[in-house]
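Reviewing the structure listed below.
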Amino acid sequence: MNSMLNEIEVRILGCLMEKELTTPEQYPLTLNALTNACNQKSNRDPVMALEDDDVVRGLNSLKFKQLVVLSSDGGRVPRYRHILAERLDLAPEELAPLCELLVRGPQTGGELRTRAERMRSFPDLAAMEEVLTELMTREPPLITRLSRQPGRKEARYAHLFSGEPEPAAEEGAPPPEAARLRVMAGDERMAKLEEEVALLRTEVAELRKMMAEFSSQFE
């Protein structure tokens with residue numbers, strides 16, 4: 001992935017993928033249905049409480065990054081769908097575990113096989129691990145295998161849509177200082193503002209182009 005996604009964008013993309021595979025009759029999704037999917041308390045980690053405005057901003061960013069489009073089904077209510085499969089040439093058996101990693105975070109191969117069953121059946125753990133290997137060996141890779149944590153028998157996998165995941169904090173490690181948390185929050189706000197400015201610049205450029213084309217009709 002050339003464009004890194006933030007937490008909200010990851011949730012939106014994962015939910016669109018999930019609903020396409022689990023409830024195709026209700027897909028593409030309206031804004032209301034997508035917000036509800038993002039805020040589900042089941043099959044979500046972390047649980048979020050997003051507003052419609054948060055989801056709209058995420059959708060705008062994902063459209064700019066060419067991962068989501070407005071559906072052209074001609075309905076009376078706008079609906080949204082992802083185009084990840086087309087962009088990255090992903091098969092259904094690859095979408096299922098990738099979706100689970102997007103909506104629930106790092107998981108073991110066994111957890112992914114069990115939880116992805118509602119979207120795609122895998123005959124055994126070896127079948128799931130084969131798909132995970134394919135996702136890891138892509139160029140660029142879409143997922144990574146994390147170092148095995150103390151006390152865990154299996155290593156977990158994580159998606160790379162937000163870059164390399166930070167190492168999990170060891171049990172008993174002291175929490176970050178208040179100053180560090182403030183700096184991290186400030187950095188995150190600045191990054192979000194820079195991304196919004198880039199989106200606004202693109203929209204302004206498109207509007208100027210439209211106005212120029214419109215004006216040329218009267219010259």
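Going by the structure tokens order, chains are called A, B, ..., each with residues numbered from 1, while ligands are numbered from 1 in the order shown.
DSSP annotation of segment 76-208 of chain A from backbone atoms: strand (DSSP E or B) residues are A:Arg79, A:Tyr80, A:Arg81, A:His82, A:Gln107, A:Thr108, A:Ile143, A:Thr144, A:Arg145, A:Arg156, A:Tyr157, A:Ala158, A:His159, A:Phe161, A:Gly163.
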Selected residues written out with N, CA and C atoms, as a compact mmCIF listing (two decimals), in the first residue's frame:
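Heads up, here's the output in result-v4.txt:
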# COMPACT_ATOMS: atom_id res chain seq x y z
N ARG A 79 -24.87 5.19 -1.95
CA ARG A 79 -24.30 3.98 -1.37
C ARG A 79 -22.82 3.88 -1.76
N TYR A 80 -22.06 3.23 -0.89
CA TYR A 80 -20.61 3.19 -1.06
C TYR A 80 -20.12 1.74 -1.12
N ARG A 81 -19.08 1.53 -1.93
CA ARG A 81 -18.47 0.21 -2.03
C ARG A 81 -16.95 0.36 -2.13
N HIS A 82 -16.25 -0.67 -1.69
CA HIS A 82 -14.79 -0.64 -1.79
C HIS A 82 -14.38 -1.21 -3.14
N GLN A 107 -4.30 -11.16 14.93
CA GLN A 107 -4.87 -12.44 15.34
C GLN A 107 -3.98 -13.58 14.87
N THR A 108 -4.12 -14.73 15.50
CA THR A 108 -3.38 -15.91 15.08
C THR A 108 -4.05 -16.54 13.86
N ILE A 143 0.23 -8.00 4.70
CA ILE A 143 0.20 -8.35 6.12
C ILE A 143 1.60 -8.75 6.57
N THR A 144 1.79 -8.87 7.88
CA THR A 144 3.06 -9.30 8.43
C THR A 144 2.80 -10.23 9.60
N ARG A 145 3.78 -11.08 9.91
CA ARG A 145 3.68 -11.95 11.08
C ARG A 145 4.45 -11.29 12.21
N ARG A 156 0.98 -13.98 15.93
CA ARG A 156 -0.18 -13.31 15.37
C ARG A 156 0.19 -12.61 14.07
N TYR A 157 -0.82 -12.35 13.25
CA TYR A 157 -0.65 -11.63 11.99
C TYR A 157 -1.32 -10.26 12.11
N ALA A 158 -0.79 -9.29 11.38
CA ALA A 158 -1.37 -7.94 11.39
C ALA A 158 -1.33 -7.38 9.97
N HIS A 159 -2.29 -6.51 9.64
CA HIS A 159 -2.30 -5.86 8.33
C HIS A 159 -1.27 -4.73 8.31
N PHE A 161 -1.82 -1.88 6.30
CA PHE A 161 -2.47 -0.73 5.68
C PHE A 161 -2.18 0.57 6.44
N GLY A 163 0.90 0.86 7.97
CA GLY A 163 2.33 0.75 8.20
C GLY A 163 2.65 -0.38 9.15
- Task: From chain A, collect each residue whose DSSP state is alpha helix (DSSP H) and return the set as number ranges by chain.
- Result: A: 7-22, 31-38, 52-64, 84-88, 92-104, 109-115, 125-136, 178-216
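Picture a line from atom CA of Glu154 of chain A to atom CA of Met136 of chain A; it runs 16.7 Å.
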Contacts of Glu18 of chain A at 10 Å or less, counting only C-alpha atoms, minus same-chain residues fewer than 5 places along, as a PDB file with C-alpha atoms, in the first residue's frame?
ATOM      1  CA  ILE A  12     -14.555   1.790   7.138  1.00  0.00           C
ATOM      2  CA  LEU A  13     -12.676  -0.303   4.584  1.00  0.00           C
ATOM      3  CA  THR A  23     -24.745  -9.616   3.509  1.00  0.00           C
ATOM      4  CA  PRO A  24     -24.360  -9.066  -0.246  1.00  0.00           C
ATOM      5  CA  TYR A  27     -24.381  -4.088  -0.231  1.00  0.00           C
ATOM      6  CA  ALA A  37     -21.297  -1.334  10.936  1.00  0.00           C
ATOM      7  CA  LEU A  95     -10.328 -10.858   1.308  1.00  0.00           C
ATOM      8  CA  ALA A  96     -11.797 -12.818   4.238  1.00  0.00           C
ATOM      9  CA  LEU A  98      -7.659  -9.487   5.464  1.00  0.00           C
ATOM     10  CA  CYS A  99     -11.090  -8.162   6.421  1.00  0.00           C
ATOM     11  CA  GLU A 100     -10.828  -9.789   9.861  1.00  0.00           C
ATOM     12  CA  LEU A 102      -8.903  -4.765   9.517  1.00  0.00           C
ATOM     13  CA  VAL A 103     -11.923  -4.952  11.831  1.00  0.00           C
ATOM     14  CA  ALA A 116     -13.382 -15.784   8.763  1.00  0.00           C
ATOM     15  CA  ARG A 118     -18.715 -16.531   8.149  1.00  0.00           C
ATOM     16  CA  MET A 119     -17.175 -15.076   4.965  1.00  0.00           C
TER      17      MET A 119
END
- Provide the atom CA of Ser61 of chain A to atom CA of Gln26 of chain A distance in Å, to one decimal place. 23.3 Å
Selection near Phe64 of chain A, 12 Å with only C-alpha atoms, sequence-local residues under 3 positions removed, as a short mmCIF file (atom, residue, chain, number, x, y, z; two decimals) with N, CA and C atoms, in the first residue's frame:
data_model
loop_
_atom_site.label_atom_id
_atom_site.label_comp_id
_atom_site.auth_asym_id
_atom_site.auth_seq_id
_atom_site.Cartn_x
_atom_site.Cartn_y
_atom_site.Cartn_z
N SER A 3 -0.48 4.38 0.19
CA SER A 3 -1.12 5.35 1.08
C SER A 3 -1.43 4.70 2.41
N LEU A 5 -3.33 4.32 5.93
CA LEU A 5 -4.69 4.59 6.39
C LEU A 5 -4.69 4.83 7.89
N GLU A 9 -10.28 5.07 8.73
CA GLU A 9 -10.28 4.57 7.36
C GLU A 9 -10.16 3.05 7.32
N ARG A 57 -15.83 11.92 6.47
CA ARG A 57 -14.44 12.34 6.28
C ARG A 57 -13.57 11.14 5.86
N GLY A 58 -13.80 10.00 6.52
CA GLY A 58 -13.06 8.80 6.15
C GLY A 58 -13.34 8.36 4.73
N LEU A 59 -14.60 8.43 4.32
CA LEU A 59 -14.98 8.05 2.95
C LEU A 59 -14.32 8.98 1.94
N ASN A 60 -14.31 10.29 2.23
CA ASN A 60 -13.69 11.25 1.31
C ASN A 60 -12.20 10.92 1.13
N SER A 61 -11.55 10.60 2.22
CA SER A 61 -10.13 10.27 2.15
C SER A 61 -9.90 8.97 1.37
N LEU A 67 -9.73 3.81 -3.03
CA LEU A 67 -10.06 2.54 -2.40
C LEU A 67 -11.57 2.37 -2.21
N VAL A 68 -12.31 3.47 -2.31
CA VAL A 68 -13.77 3.44 -2.15
C VAL A 68 -14.38 4.33 -3.23
N VAL A 69 -15.54 3.93 -3.75
CA VAL A 69 -16.25 4.74 -4.74
C VAL A 69 -17.73 4.81 -4.37
N LEU A 70 -18.39 5.83 -4.91
CA LEU A 70 -19.84 5.94 -4.78
C LEU A 70 -20.46 4.99 -5.77
N GLU A 195 -3.37 15.95 6.00
CA GLU A 195 -4.10 15.12 5.03
C GLU A 195 -5.36 15.85 4.55
N GLU A 196 -6.06 16.54 5.48
CA GLU A 196 -7.26 17.28 5.10
C GLU A 196 -6.93 18.44 4.18
N ALA A 198 -4.43 18.52 2.05
CA ALA A 198 -4.15 17.93 0.74
C ALA A 198 -5.45 17.61 0.00
N LEU A 199 -6.44 17.08 0.74
CA LEU A 199 -7.73 16.77 0.11
C LEU A 199 -8.41 18.04 -0.38
N LEU A 200 -8.37 19.11 0.44
CA LEU A 200 -9.00 20.38 0.06
C LEU A 200 -8.33 20.97 -1.17
N ARG A 201 -7.00 20.87 -1.23
CA ARG A 201 -6.29 21.39 -2.40
C ARG A 201 -6.71 20.66 -3.67
N THR A 202 -6.89 19.36 -3.55
CA THR A 202 -7.32 18.59 -4.71
C THR A 202 -8.72 19.00 -5.15
N GLU A 203 -9.63 19.19 -4.16
CA GLU A 203 -10.99 19.59 -4.49
C GLU A 203 -11.03 20.97 -5.12
#
- Message: Nearest residue to Val47 of chain A out of A:Leu29, A:Ile8, A:Val197, A:Leu84, using only C-alpha atoms?
- Response: A:Ile8
- Note on the structure: From atom CA of Glu93 of chain A to atom CA of Pro46 of chain A the spacing works out at 24.2 Å
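Residue nearest Ser162 of chain A within the list A:Ala126, A:Leu181, A:Leu88, A:Leu101: A:Leu101 [criterion: smallest interatomic distance, only C-alpha atoms].
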